[in-house]
>>> print(open('data03.txt').read())   # compact mmCIF, C-alpha atoms and all ligand atoms
# COMPACT_ATOMS: atom_id res chain seq x y z
CA MET A 1 108.48 97.13 99.25
CA ARG A 2 109.69 95.17 102.25
CA ILE A 3 110.08 97.80 104.94
CA LEU A 4 111.62 97.33 108.36
CA VAL A 5 110.76 99.97 110.99
CA LEU A 6 113.35 100.03 113.79
CA GLY A 7 111.73 101.51 116.91
CA GLY A 8 108.32 100.51 115.55
CA ASP A 9 106.66 100.59 118.99
CA GLY A 10 107.40 104.31 119.51
CA TYR A 11 105.63 107.67 119.10
CA LEU A 12 106.55 107.93 115.41
CA GLY A 13 107.59 104.34 114.66
CA TRP A 14 104.18 102.81 115.34
CA PRO A 15 102.18 105.20 113.09
CA THR A 16 104.91 104.83 110.43
CA ALA A 17 104.55 101.04 110.44
CA LEU A 18 100.77 101.35 110.09
CA ARG A 19 101.06 103.84 107.24
CA PHE A 20 103.32 101.61 105.12
CA SER A 21 101.23 98.55 105.95
CA ALA A 22 98.05 100.41 104.92
CA ARG A 23 99.70 101.24 101.60
CA GLY A 24 100.24 97.52 100.93
CA HIS A 25 103.93 97.16 101.80
CA GLU A 26 105.28 94.18 103.77
CA VAL A 27 106.22 95.71 107.13
CA GLY A 28 108.38 94.39 109.96
CA ILE A 29 108.73 96.05 113.35
CA VAL A 30 111.89 95.85 115.46
CA ASP A 31 111.79 97.12 119.04
CA ASN A 32 113.21 96.36 122.49
CA PHE A 33 110.65 98.45 124.45
CA LEU A 34 113.28 100.88 125.73
CA ARG A 35 110.88 103.82 125.59
CA ARG A 36 108.42 101.95 127.82
CA HIS A 37 111.32 101.11 130.14
CA TYR A 38 112.49 104.77 130.42
CA HIS A 39 109.05 105.70 131.73
CA VAL A 40 109.23 102.96 134.37
CA GLU A 41 112.67 104.31 135.33
CA LEU A 42 111.44 107.91 135.64
CA GLY A 43 107.98 107.27 137.12
CA THR A 44 106.20 108.79 134.12
CA ASP A 45 103.88 107.41 131.46
CA SER A 46 102.31 108.10 128.10
CA LEU A 47 99.19 110.25 128.40
CA THR A 48 97.46 107.96 125.95
CA PRO A 49 96.84 104.40 127.16
CA ILE A 50 98.94 102.54 124.60
CA ARG A 51 98.48 98.78 124.34
CA PRO A 52 101.22 96.15 124.44
CA LEU A 53 102.82 95.75 121.00
CA GLN A 54 101.36 92.30 120.33
CA GLU A 55 97.86 93.57 121.12
CA ARG A 56 98.34 96.54 118.79
CA VAL A 57 99.49 94.23 116.04
CA ARG A 58 96.43 91.98 116.51
CA ALA A 59 94.17 95.04 116.50
CA TRP A 60 95.72 96.23 113.23
CA HIS A 61 95.11 92.80 111.72
CA GLU A 62 91.43 92.95 112.76
CA VAL A 63 91.03 96.48 111.37
CA SER A 64 92.97 96.13 108.12
CA GLY A 65 93.37 92.40 107.46
CA ARG A 66 97.11 93.00 107.24
CA GLU A 67 99.97 91.32 109.11
CA LEU A 68 102.94 93.05 110.75
CA GLN A 69 105.99 90.94 111.51
CA VAL A 70 107.49 91.61 114.94
CA PHE A 71 111.12 91.18 116.02
CA ILE A 72 111.74 91.88 119.71
CA GLY A 73 115.36 92.68 120.47
CA ASP A 74 118.11 95.22 120.82
CA ILE A 75 119.91 96.45 117.71
CA THR A 76 123.08 97.08 119.74
CA ASP A 77 123.22 93.25 119.97
CA TYR A 78 124.62 92.21 116.58
CA SER A 79 123.70 88.56 117.09
CA PHE A 80 120.05 89.73 117.19
CA LEU A 81 120.18 92.31 114.38
CA GLU A 82 122.19 90.41 111.77
CA PRO A 83 119.69 87.55 111.22
CA VAL A 84 116.78 90.01 111.21
CA ILE A 85 118.32 91.96 108.32
CA ARG A 86 119.45 88.80 106.54
CA ASP A 87 116.11 86.99 106.79
CA PHE A 88 113.71 89.91 106.32
CA ALA A 89 115.77 91.24 103.36
CA PRO A 90 114.38 94.80 103.50
CA ASP A 91 114.18 97.19 100.54
CA ALA A 92 114.09 100.05 103.06
CA VAL A 93 114.93 100.35 106.74
CA ILE A 94 113.45 103.27 108.67
CA HIS A 95 115.60 103.80 111.73
CA TYR A 96 113.93 105.43 114.74
CA ALA A 97 115.47 103.04 117.29
CA GLU A 98 117.47 105.54 119.34
CA GLN A 99 117.28 107.22 122.72
CA PRO A 100 115.58 110.46 121.54
CA SER A 101 115.66 112.77 124.56
CA ALA A 102 118.11 115.63 125.09
CA PRO A 103 117.26 116.02 128.83
CA TYR A 104 117.62 112.27 129.44
CA SER A 105 121.12 112.40 127.94
CA MET A 106 122.03 115.32 130.22
CA MET A 107 120.95 113.73 133.54
CA ASP A 108 124.41 112.47 134.48
CA ARG A 109 127.46 110.64 133.16
CA ALA A 110 125.69 107.27 133.02
CA HIS A 111 122.78 108.58 130.94
CA ALA A 112 125.11 110.44 128.56
CA VAL A 113 127.24 107.33 128.06
CA PHE A 114 124.16 105.16 127.62
CA THR A 115 122.66 107.53 125.03
CA GLN A 116 125.78 107.69 122.91
CA THR A 117 126.57 103.97 123.20
CA ASN A 118 123.01 102.96 122.41
CA ASN A 119 122.59 105.31 119.46
CA VAL A 120 126.03 105.12 117.87
CA VAL A 121 126.54 101.36 118.32
CA GLY A 122 123.01 100.52 117.15
CA THR A 123 123.50 102.52 113.96
CA LEU A 124 126.99 101.09 113.37
CA ASN A 125 125.62 97.55 113.73
CA LEU A 126 122.92 98.41 111.24
CA LEU A 127 125.46 99.72 108.72
CA PHE A 128 127.48 96.50 108.92
CA ALA A 129 124.36 94.32 108.64
CA LEU A 130 123.24 96.27 105.55
CA ARG A 131 126.70 96.06 104.01
CA ASP A 132 126.81 92.29 104.40
CA HIS A 133 123.18 91.26 103.84
CA ALA A 134 121.21 94.04 102.09
CA PRO A 135 123.63 96.37 100.29
CA ASP A 136 120.94 97.80 97.99
CA CYS A 137 118.58 98.61 100.85
CA HIS A 138 117.67 102.28 101.36
CA LEU A 139 118.51 103.39 104.90
CA ILE A 140 116.15 106.15 106.07
CA LYS A 141 117.70 107.47 109.26
CA LEU A 142 116.02 109.87 111.66
CA GLY A 143 118.50 112.61 112.39
CA THR A 144 117.65 115.96 113.94
CA MET A 145 117.68 119.66 113.08
CA GLY A 146 119.48 119.99 116.41
CA GLU A 147 122.64 118.70 114.72
CA TYR A 148 123.16 122.19 113.30
CA GLY A 149 122.50 124.11 116.51
CA THR A 150 121.63 127.78 116.10
CA PRO A 151 124.39 129.43 114.01
CA ASN A 152 124.20 133.10 113.09
CA ILE A 153 123.92 132.22 109.37
CA ASP A 154 121.26 130.48 107.25
CA ILE A 155 121.19 126.70 107.75
CA GLU A 156 121.49 124.74 104.51
CA GLU A 157 120.11 121.27 103.82
CA GLY A 158 123.03 119.11 104.92
CA PHE A 159 125.83 120.70 102.88
CA ILE A 160 127.34 124.13 102.28
CA GLU A 161 129.71 125.42 99.58
CA ILE A 162 132.86 126.79 101.23
CA HIS A 163 135.38 129.06 99.50
CA HIS A 164 138.73 128.98 101.23
CA ASN A 165 142.10 130.37 100.12
CA GLY A 166 141.07 130.48 96.48
CA ARG A 167 139.56 126.96 96.39
CA SER A 168 136.02 125.74 96.99
CA ASP A 169 134.24 122.53 97.97
CA ILE A 170 130.78 121.35 99.06
CA LEU A 171 131.14 120.12 102.64
CA PRO A 172 128.84 118.99 105.47
CA PHE A 173 127.19 121.98 107.15
CA PRO A 174 128.97 122.78 110.46
CA LYS A 175 127.48 121.04 113.49
CA GLN A 176 126.99 122.72 116.88
CA PRO A 177 124.60 120.38 118.73
CA GLY A 178 123.17 121.33 122.11
CA SER A 179 123.16 118.07 124.11
CA PHE A 180 124.86 114.68 124.31
CA TYR A 181 121.74 113.27 122.61
CA HIS A 182 122.02 115.70 119.68
CA LEU A 183 125.75 114.91 119.53
CA SER A 184 124.94 111.20 119.15
CA LYS A 185 123.04 112.03 115.96
CA VAL A 186 126.05 113.97 114.64
CA HIS A 187 128.25 110.94 115.25
CA ASP A 188 125.71 108.78 113.40
CA SER A 189 125.69 111.17 110.44
CA HIS A 190 129.45 110.93 110.09
CA ASN A 191 129.40 107.13 110.33
CA ILE A 192 126.60 106.84 107.78
CA GLN A 193 128.19 109.23 105.32
CA PHE A 194 131.43 107.27 105.54
CA ALA A 195 129.60 103.94 104.98
CA CYS A 196 127.96 105.35 101.85
CA ARG A 197 131.34 106.52 100.56
CA ALA A 198 133.28 103.38 101.49
CA TRP A 199 130.73 100.65 100.77
CA GLY A 200 128.27 102.23 98.32
CA LEU A 201 125.30 102.10 100.72
CA ARG A 202 122.41 104.46 99.98
CA CYS A 203 121.02 106.62 102.77
CA THR A 204 118.72 109.54 103.48
CA ASP A 205 119.39 111.34 106.76
CA LEU A 206 116.18 113.10 107.79
CA ASN A 207 117.10 116.03 109.98
CA GLN A 208 113.76 116.30 111.65
CA GLY A 209 112.50 119.26 113.68
CA VAL A 210 110.24 119.10 116.74
CA VAL A 211 107.16 116.94 116.10
CA TYR A 212 103.71 117.64 117.57
CA GLY A 213 100.30 115.99 117.30
CA ILE A 214 98.55 112.81 118.37
CA GLU A 215 96.45 111.35 115.62
CA THR A 216 97.18 109.93 112.18
CA GLU A 217 94.87 108.48 109.51
CA GLU A 218 95.54 104.94 110.71
CA THR A 219 95.76 105.37 114.49
CA VAL A 220 92.24 106.87 114.69
CA GLN A 221 90.68 103.74 113.17
CA ASP A 222 90.54 101.92 116.52
CA GLU A 223 91.35 103.12 120.03
CA ARG A 224 93.77 100.21 120.47
CA LEU A 225 95.89 101.72 117.66
CA ILE A 226 96.56 105.05 119.43
CA THR A 227 100.22 106.11 119.58
CA ARG A 228 102.05 107.22 122.71
CA PHE A 229 101.93 110.89 123.79
CA ASP A 230 104.50 112.16 126.28
CA TYR A 231 104.40 115.41 128.22
CA ASP A 232 107.02 114.92 130.97
CA GLU A 233 110.26 116.93 130.99
CA CYS A 234 112.28 114.15 129.31
CA PHE A 235 110.22 112.64 126.52
CA ARG A 236 107.89 115.50 125.63
CA THR A 237 108.17 117.89 122.79
CA ALA A 238 107.38 121.53 123.55
CA LEU A 239 103.96 121.93 121.92
CA ASN A 240 102.61 118.57 123.15
CA ARG A 241 103.78 119.48 126.64
CA PHE A 242 102.19 122.95 126.57
CA CYS A 243 98.89 121.40 125.45
CA VAL A 244 98.84 119.01 128.43
CA GLN A 245 99.76 121.86 130.77
CA ALA A 246 96.86 123.93 129.40
CA VAL A 247 94.39 121.10 130.01
CA ILE A 248 95.45 120.47 133.63
CA GLY A 249 95.61 124.20 134.47
CA HIS A 250 99.41 124.28 134.91
CA PRO A 251 101.19 127.47 133.77
CA LEU A 252 102.91 126.92 130.40
CA THR A 253 106.60 126.32 131.17
CA VAL A 254 108.38 128.55 128.65
CA TYR A 255 112.10 128.21 129.37
CA GLY A 256 113.94 131.53 129.71
CA LYS A 257 113.06 134.30 127.28
CA GLY A 258 111.22 131.90 124.96
CA GLY A 259 113.00 133.26 121.89
CA GLN A 260 114.46 129.79 121.14
CA THR A 261 113.48 129.16 117.52
CA ARG A 262 113.10 125.67 116.07
CA GLY A 263 111.59 123.95 113.04
CA PHE A 264 108.29 122.17 113.80
CA LEU A 265 106.06 119.67 112.02
CA ASN A 266 102.83 117.78 112.50
CA ILE A 267 103.12 114.02 113.11
CA LYS A 268 101.03 113.57 109.94
CA ASP A 269 103.81 115.28 107.99
CA THR A 270 106.46 113.01 109.53
CA LEU A 271 104.60 110.13 107.88
CA GLN A 272 104.27 111.98 104.57
CA CYS A 273 107.99 112.84 104.58
CA VAL A 274 109.12 109.30 105.34
CA GLU A 275 106.81 107.92 102.67
CA LEU A 276 108.02 110.42 100.04
CA THR A 277 111.61 109.56 100.97
CA ALA A 278 111.02 105.81 100.66
CA ASN A 279 109.33 106.25 97.28
CA ASN A 280 112.26 108.30 95.95
CA PRO A 281 115.44 106.44 96.96
CA PRO A 282 118.95 107.85 96.46
CA ALA A 283 121.49 106.37 94.06
CA GLU A 284 124.00 103.71 95.09
CA GLY A 285 126.65 105.31 97.31
CA GLU A 286 124.62 108.49 97.79
CA TYR A 287 124.24 110.12 101.21
CA ARG A 288 121.44 112.72 101.19
CA VAL A 289 120.21 115.03 103.90
CA PHE A 290 116.68 116.46 104.02
CA ASN A 291 115.65 119.06 106.59
CA GLN A 292 112.33 117.68 107.78
CA PHE A 293 110.08 120.39 109.20
CA THR A 294 107.40 122.66 107.79
CA GLU A 295 107.44 125.90 109.84
CA GLN A 296 109.64 127.65 112.34
CA PHE A 297 108.42 129.26 115.56
CA THR A 298 109.83 130.60 118.78
CA VAL A 299 108.86 128.70 121.92
CA MET A 300 106.94 131.79 123.10
CA GLN A 301 104.91 131.84 119.86
CA LEU A 302 103.93 128.21 120.48
CA ALA A 303 102.88 129.00 124.03
CA GLU A 304 100.77 131.91 122.75
CA VAL A 305 98.94 129.70 120.22
CA VAL A 306 98.20 127.16 122.98
CA ALA A 307 97.06 129.88 125.39
CA LYS A 308 94.64 131.32 122.79
CA ALA A 309 93.25 127.92 121.85
CA GLY A 310 92.88 127.05 125.55
CA THR A 311 90.95 130.26 126.21
CA GLU A 312 88.57 129.39 123.32
CA LEU A 313 87.83 126.11 125.10
CA GLY A 314 87.26 127.88 128.42
CA LEU A 315 90.57 126.79 130.00
CA ARG A 316 92.47 129.21 132.24
CA THR A 317 95.84 129.30 130.51
CA GLU A 318 98.75 131.33 131.83
CA ILE A 319 102.24 131.59 130.31
CA ARG A 320 104.84 131.63 133.10
CA PRO A 321 108.50 131.73 131.94
CA ILE A 322 110.92 129.84 134.23
CA PRO A 323 114.75 129.93 134.28
CA ASP A 324 116.04 127.90 131.33
CA PRO A 325 117.34 124.54 132.64
CA ARG A 326 119.29 124.10 129.38
CA VAL A 327 122.35 125.83 128.02
CA GLU A 328 121.00 127.33 124.80
CA GLN A 329 120.57 130.72 123.17
CA GLU A 330 117.30 132.22 124.35
CA GLU A 331 117.16 134.71 121.47
CA HIS A 332 118.93 134.18 118.18
CA TYR A 333 118.89 134.29 114.38
CA TYR A 334 117.34 131.20 112.78
CA ASN A 335 116.64 130.55 109.12
CA ALA A 336 116.82 126.92 108.02
CA LYS A 337 116.23 125.75 104.43
CA HIS A 338 113.64 123.01 103.96
CA THR A 339 112.82 122.68 100.27
CA LYS A 340 113.88 119.16 99.30
CA LEU A 341 110.81 117.37 100.70
CA ILE A 342 108.53 120.08 99.32
CA ASP A 343 110.15 119.45 95.90
CA LEU A 344 109.27 115.75 96.30
CA GLY A 345 105.62 116.69 96.87
CA LEU A 346 105.17 117.31 100.62
CA LYS A 347 101.86 119.08 101.35
CA PRO A 348 102.26 120.46 104.88
CA HIS A 349 99.59 120.48 107.59
CA TYR A 350 100.36 123.87 109.15
CA LEU A 351 99.89 124.72 112.81
CA SER A 352 96.62 126.50 113.55
CA GLU A 353 94.56 127.37 116.58
CA GLU A 354 91.92 124.87 115.40
CA LEU A 355 94.51 122.10 115.31
CA VAL A 356 95.66 122.94 118.82
CA GLU A 357 92.02 123.00 119.97
CA SER A 358 91.52 119.51 118.53
CA MET A 359 94.65 118.31 120.38
CA LEU A 360 93.35 119.85 123.60
CA ARG A 361 90.06 117.97 123.18
CA VAL A 362 91.83 114.62 122.78
CA ILE A 363 94.04 115.38 125.80
CA GLN A 364 90.95 116.24 127.87
CA ARG A 365 89.77 112.64 127.40
CA TYR A 366 92.87 111.34 129.19
CA ARG A 367 93.55 114.15 131.68
CA ASP A 368 93.10 111.83 134.67
CA ARG A 369 96.20 109.91 133.58
CA VAL A 370 98.55 112.92 133.97
CA VAL A 371 101.34 112.35 136.53
CA MET A 372 101.22 115.83 138.08
CA ASP A 373 104.62 115.88 139.79
CA ARG A 374 106.48 115.26 136.54
CA ILE A 375 105.74 118.61 134.88
CA VAL A 376 108.34 120.94 136.42
CA PRO A 377 111.83 120.40 134.93
CA ARG A 378 114.51 119.04 137.27
CA ILE A 379 117.27 118.13 134.83
CA THR A 380 119.66 120.95 134.02
CA TRP A 381 122.56 121.16 131.61
CA ARG A 382 124.79 122.77 134.23
CA PRO A 383 126.90 120.93 136.80
CA ALA A 384 125.60 119.75 140.20
CA ARG A 385 125.68 122.94 142.30
CA ALA A 386 123.88 124.99 139.67
CA ARG A 387 121.38 122.13 139.35
CA GLU A 388 120.60 122.11 143.06
CA GLU A 389 120.09 125.88 142.99
CA ALA A 390 117.75 125.59 140.02
CA ILE A 391 115.66 122.89 141.73
CA ALA A 392 115.48 125.02 144.91
O1 LIG A 401 108.51 122.93 128.69
C1 LIG A 401 109.31 123.27 127.79
C2 LIG A 401 109.94 122.32 126.94
C3 LIG A 401 110.85 122.80 125.98
N1 LIG A 401 111.10 124.14 125.88
C4 LIG A 401 112.05 124.63 124.86
O2 LIG A 401 111.56 124.23 123.59
C5 LIG A 401 112.64 123.99 122.70
C6 LIG A 401 112.44 122.64 122.05
O3 LIG A 401 112.50 121.67 123.07
P1 LIG A 401 111.77 120.24 122.94
O4 LIG A 401 111.81 119.64 124.31
O5 LIG A 401 110.46 120.35 122.28
O6 LIG A 401 112.68 119.48 121.88
P2 LIG A 401 114.20 119.02 121.89
O7 LIG A 401 114.74 118.77 123.25
O8 LIG A 401 114.95 119.95 121.00
O9 LIG A 401 114.09 117.59 121.21
C7 LIG A 401 112.99 117.19 120.37
O10 LIG A 401 113.16 117.73 119.09
C8 LIG A 401 114.39 117.37 118.45
C9 LIG A 401 114.39 118.08 117.12
S1 LIG A 401 115.24 119.61 117.20
O11 LIG A 401 114.75 120.40 118.33
O12 LIG A 401 116.65 119.29 117.42
O13 LIG A 401 115.03 120.28 115.94
C10 LIG A 401 114.45 115.86 118.32
O14 LIG A 401 115.68 115.49 117.77
C11 LIG A 401 114.28 115.19 119.67
O15 LIG A 401 114.24 113.78 119.55
C12 LIG A 401 112.98 115.68 120.32
O16 LIG A 401 112.85 115.14 121.64
C13 LIG A 401 113.93 124.12 123.53
O17 LIG A 401 114.50 125.36 123.28
C14 LIG A 401 113.44 124.03 124.97
O18 LIG A 401 114.25 124.74 125.87
C15 LIG A 401 110.47 125.06 126.70
O19 LIG A 401 110.69 126.27 126.60
N2 LIG A 401 109.59 124.59 127.64
>>> encode(input="data03.txt", output="structure tokens")
Amino acid sequence: MRILVLGGDGYLGWPTALRFSARGHEVGIVDNFLRRHYHVELGTDSLTPIRPLQERVRAWHEVSGRELQVFIGDITDYSFLEPVIRDFAPDAVIHYAEQPSAPYSMMDRAHAVFTQTNNVVGTLNLLFALRDHAPDCHLIKLGTMGEYGTPNIDIEEGFIEIHHNGRSDILPFPKQPGSFYHLSKVHDSHNIQFACRAWGLRCTDLNQGVVYGIETEETVQDERLITRFDYDECFRTALNRFCVQAVIGHPLTVYGKGGQTRGFLNIKDTLQCVELTANNPPAEGEYRVFNQFTEQFTVMQLAEVVAKAGTELGLRTEIRPIPDPRVEQEEHYYNAKHTKLIDLGLKPHYLSEELVESMLRVIQRYRDRVVMDRIVPRITWRPARAREEAIA
């Protein structure tokens, strides 16, 4: 297949591009380096010393003998995106090219507006480019489990049968997202579903949970191929962040009661899921939703696994809950279905103490790169006065 990875310089995009390239597909990467720019803006950095994209691409060529095509530009700029889609003529587009952080979107008005403009306009441009230049292409869009929020009923995979006043229908599962970032993904889902219905596009919306992990089969082949690994309050994910905190001797920052439950998956399973999805495309006009995670945990359970693994390695690891900077339920019912990818053949890598220990060992190699004053959260979901109190 000809596969275009939008956001192919990112945490997941880069390993995804390598995986498809290793399997013999023709892979193109599109990126505008926004993730690198956010870190310059916030004074943070990836724990792992990632190389410039062109150097990574050369390294992959040396290691594998394979070429990756690179397109540098912004997908919100249609005059950039349209010729890329037209000339590359993809069979599948994997779309990671969005602002992915809930805290970043909650910083202030400007960051909320940027997040929604960037994400919604980029995806809309993509839909039009596919309609006009690659109508048979399979769009694989990274959505989020956070679209559903935490309702007091079981979460279905995209759709739910509703009986109402003697009639019934299968409708999109209700959405109660918890940040302007998560809301941007809801807006995308609606736009994509409409484009499938109106124009016959085919799309899989992958409602992904919280990803953890550093290494994949391809990125370990050469140190220049390592993917980024964030631990700061904005671009982290909880488990990755707790692991870095354990290594530097910082108390694990469980927010509030720690009963927040989410779906989690290993970065290796992100690649498996995307590959299974690409190999099993939907029909023309079909809009599918897969819930992409393998296990659910509370935040406190994650912290406990990290604390135990840290103790095994001789680290002094303390769990210290802090007031929750977000507006979210700190204890709640959570039971989300996730069978469709398993039915396609997903073989999960489950979370274990050994896996966390191996992450801690990799992090230990780079511990001198940690920006210490970017661990404690400063962004809150509440308005200014409450924010100042929280920081104090
Ligand atoms: O130091 C921390 C960091 C996070 N949390 C808690 O851990 C949970 C998950 O937070 P997270 O920062 O790991 O992930 P989140 O903000 O939900 O976003 C991440 O995971 C989402 C999937 S999901 O959570 O919506 O299923 C993706 O869409 C996003 O791109 C990705 O950044 C939240 O309840 C948060 O309050 C802590 O208790 N302590």
>>> residues_near_point(input="data03.txt", point="(121.5, 117.9, 112.6)", cutoff="6 Å", atoms="only C-alpha atoms", output="NGL selection string")
:A and (144-148 or 207)
>>> residues_around(input="data03.txt", residues="Gln208 in chain A", least_positions_apart="4", cutoff="7 Å", atoms="only C-alpha atoms", output="list of chain:residue names")
A:Leu142, A:Gly143, A:Thr144, A:Met145, A:Asn291, A:Gln292, A:Phe293
>>> residues_around(input="data03.txt", residues="His190 in chain A", least_positions_apart="4", cutoff="12 Å", atoms="all atoms listed in the file", output="ChimeraX atom specification")
/A:120,123-124,127,143,147,158,171-175,183-186,194-197,203,205,287,289
>>> residues_around(input="data03.txt", residues="Glu295 in chain A", least_positions_apart="2", cutoff="12 Å", atoms="only C-alpha atoms", output="number ranges by chain")
A: 208-212, 261-266, 269, 291-293, 297-298, 301-302, 334-339, 348-352
>>> residues_around(input="data03.txt", residues="Val362 in chain A", least_positions_apart="4", cutoff="12 Å", atoms="all atoms listed in the file", output="number ranges by chain")
A: 47-48, 213-215, 220, 223, 226, 229, 240, 243-244, 247, 355-358, 366-367
>>> atom_distance(input="data03.txt", atom1="CA of Leu341 in chain A", atom2="CA of Phe290 in chain A")
6.8 Å
>>> axis_aligned_box(input="data03.txt", around="range 16-19 of chain A", padding_each_side="5 Å", output="AutoDock Vina command-line options")
--center_x 102.8 --center_y 102.9 --center_z 108.8 --size_x 14.1 --size_y 13.8 --size_z 13.2
>>> residues_around(input="data03.txt", residues="Arg202 in chain A", least_positions_apart="6", cutoff="7 Å", atoms="all atoms listed in the file", output="MDAnalysis selection string")
chainID A and resid 138:139 196 282:287
>>> closest_residue(input="data03.txt", among="A:Thr204, A:Gln116, A:Thr311, A:Ser21", to="Ala278 in chain A", atoms="only C-alpha atoms")
A:Thr204
>>> closest_residue(input="data03.txt", among="A:Glu304, A:Glu233, A:Glu312, A:Asp31", to="ligand LIG 401 (chain A)", atoms="all atoms listed in the file")
A:Glu233
>>> atom_distance(input="data03.txt", atom1="CA of Thr237 in chain A", atom2="CA of Ile267 in chain A")
11.6 Å
>>> build_atoms(input="data03.txt", residues="range 92-98 of chain A", atoms="all heavy atoms", output="PDB file, keeping the file's coordinate frame")
ATOM      1  N   ALA A  92     113.825  98.798 102.319  1.00  0.00           N
ATOM      2  CA  ALA A  92     114.090 100.050 103.060  1.00  0.00           C
ATOM      3  C   ALA A  92     114.044  99.762 104.551  1.00  0.00           C
ATOM      4  O   ALA A  92     113.225  98.969 105.015  1.00  0.00           O
ATOM      5  CB  ALA A  92     113.046 101.106 102.703  1.00  0.00           C
ATOM      6  N   VAL A  93     114.964 100.401 105.276  1.00  0.00           N
ATOM      7  CA  VAL A  93     114.930 100.350 106.740  1.00  0.00           C
ATOM      8  C   VAL A  93     114.699 101.773 107.228  1.00  0.00           C
ATOM      9  O   VAL A  93     115.408 102.697 106.827  1.00  0.00           O
ATOM     10  CB  VAL A  93     116.271  99.840 107.327  1.00  0.00           C
ATOM     11  CG1 VAL A  93     116.293 100.023 108.842  1.00  0.00           C
ATOM     12  CG2 VAL A  93     116.500  98.387 106.984  1.00  0.00           C
ATOM     13  N   ILE A  94     113.687 101.948 108.084  1.00  0.00           N
ATOM     14  CA  ILE A  94     113.450 103.270 108.670  1.00  0.00           C
ATOM     15  C   ILE A  94     113.896 103.186 110.121  1.00  0.00           C
ATOM     16  O   ILE A  94     113.352 102.407 110.902  1.00  0.00           O
ATOM     17  CB  ILE A  94     111.959 103.647 108.548  1.00  0.00           C
ATOM     18  CG1 ILE A  94     111.574 103.580 107.066  1.00  0.00           C
ATOM     19  CG2 ILE A  94     111.713 105.046 109.109  1.00  0.00           C
ATOM     20  CD1 ILE A  94     110.114 103.657 106.797  1.00  0.00           C
ATOM     21  N   HIS A  95     114.900 103.987 110.446  1.00  0.00           N
ATOM     22  CA  HIS A  95     115.600 103.800 111.730  1.00  0.00           C
ATOM     23  C   HIS A  95     115.242 104.893 112.732  1.00  0.00           C
ATOM     24  O   HIS A  95     115.783 105.999 112.684  1.00  0.00           O
ATOM     25  CB  HIS A  95     117.104 103.775 111.443  1.00  0.00           C
ATOM     26  CG  HIS A  95     117.968 103.595 112.657  1.00  0.00           C
ATOM     27  ND1 HIS A  95     117.493 103.138 113.867  1.00  0.00           N
ATOM     28  CD2 HIS A  95     119.301 103.817 112.841  1.00  0.00           C
ATOM     29  CE1 HIS A  95     118.488 103.095 114.740  1.00  0.00           C
ATOM     30  NE2 HIS A  95     119.590 103.510 114.146  1.00  0.00           N
ATOM     31  N   TYR A  96     114.298 104.546 113.634  1.00  0.00           N
ATOM     32  CA  TYR A  96     113.930 105.430 114.740  1.00  0.00           C
ATOM     33  C   TYR A  96     114.476 104.903 116.067  1.00  0.00           C
ATOM     34  O   TYR A  96     114.178 105.485 117.120  1.00  0.00           O
ATOM     35  CB  TYR A  96     112.416 105.447 114.943  1.00  0.00           C
ATOM     36  CG  TYR A  96     111.538 106.046 113.891  1.00  0.00           C
ATOM     37  CD1 TYR A  96     110.849 105.243 112.987  1.00  0.00           C
ATOM     38  CD2 TYR A  96     111.325 107.420 113.827  1.00  0.00           C
ATOM     39  CE1 TYR A  96     109.973 105.777 112.054  1.00  0.00           C
ATOM     40  CE2 TYR A  96     110.450 107.971 112.895  1.00  0.00           C
ATOM     41  CZ  TYR A  96     109.780 107.141 112.019  1.00  0.00           C
ATOM     42  OH  TYR A  96     108.915 107.677 111.099  1.00  0.00           O
ATOM     43  N   ALA A  97     115.201 103.774 116.042  1.00  0.00           N
ATOM     44  CA  ALA A  97     115.470 103.040 117.290  1.00  0.00           C
ATOM     45  C   ALA A  97     116.617 103.643 118.097  1.00  0.00           C
ATOM     46  O   ALA A  97     117.650 103.003 118.311  1.00  0.00           O
ATOM     47  CB  ALA A  97     115.760 101.576 116.975  1.00  0.00           C
ATOM     48  N   GLU A  98     116.423 104.887 118.542  1.00  0.00           N
ATOM     49  CA  GLU A  98     117.470 105.540 119.340  1.00  0.00           C
ATOM     50  C   GLU A  98     116.857 106.180 120.575  1.00  0.00           C
ATOM     51  O   GLU A  98     115.647 106.414 120.626  1.00  0.00           O
ATOM     52  CB  GLU A  98     118.183 106.595 118.481  1.00  0.00           C
ATOM     53  CG  GLU A  98     118.898 105.957 117.281  1.00  0.00           C
ATOM     54  CD  GLU A  98     120.031 106.798 116.723  1.00  0.00           C
ATOM     55  OE1 GLU A  98     119.940 108.031 116.782  1.00  0.00           O
ATOM     56  OE2 GLU A  98     121.005 106.202 116.232  1.00  0.00           O
TER      57      GLU A  98
END
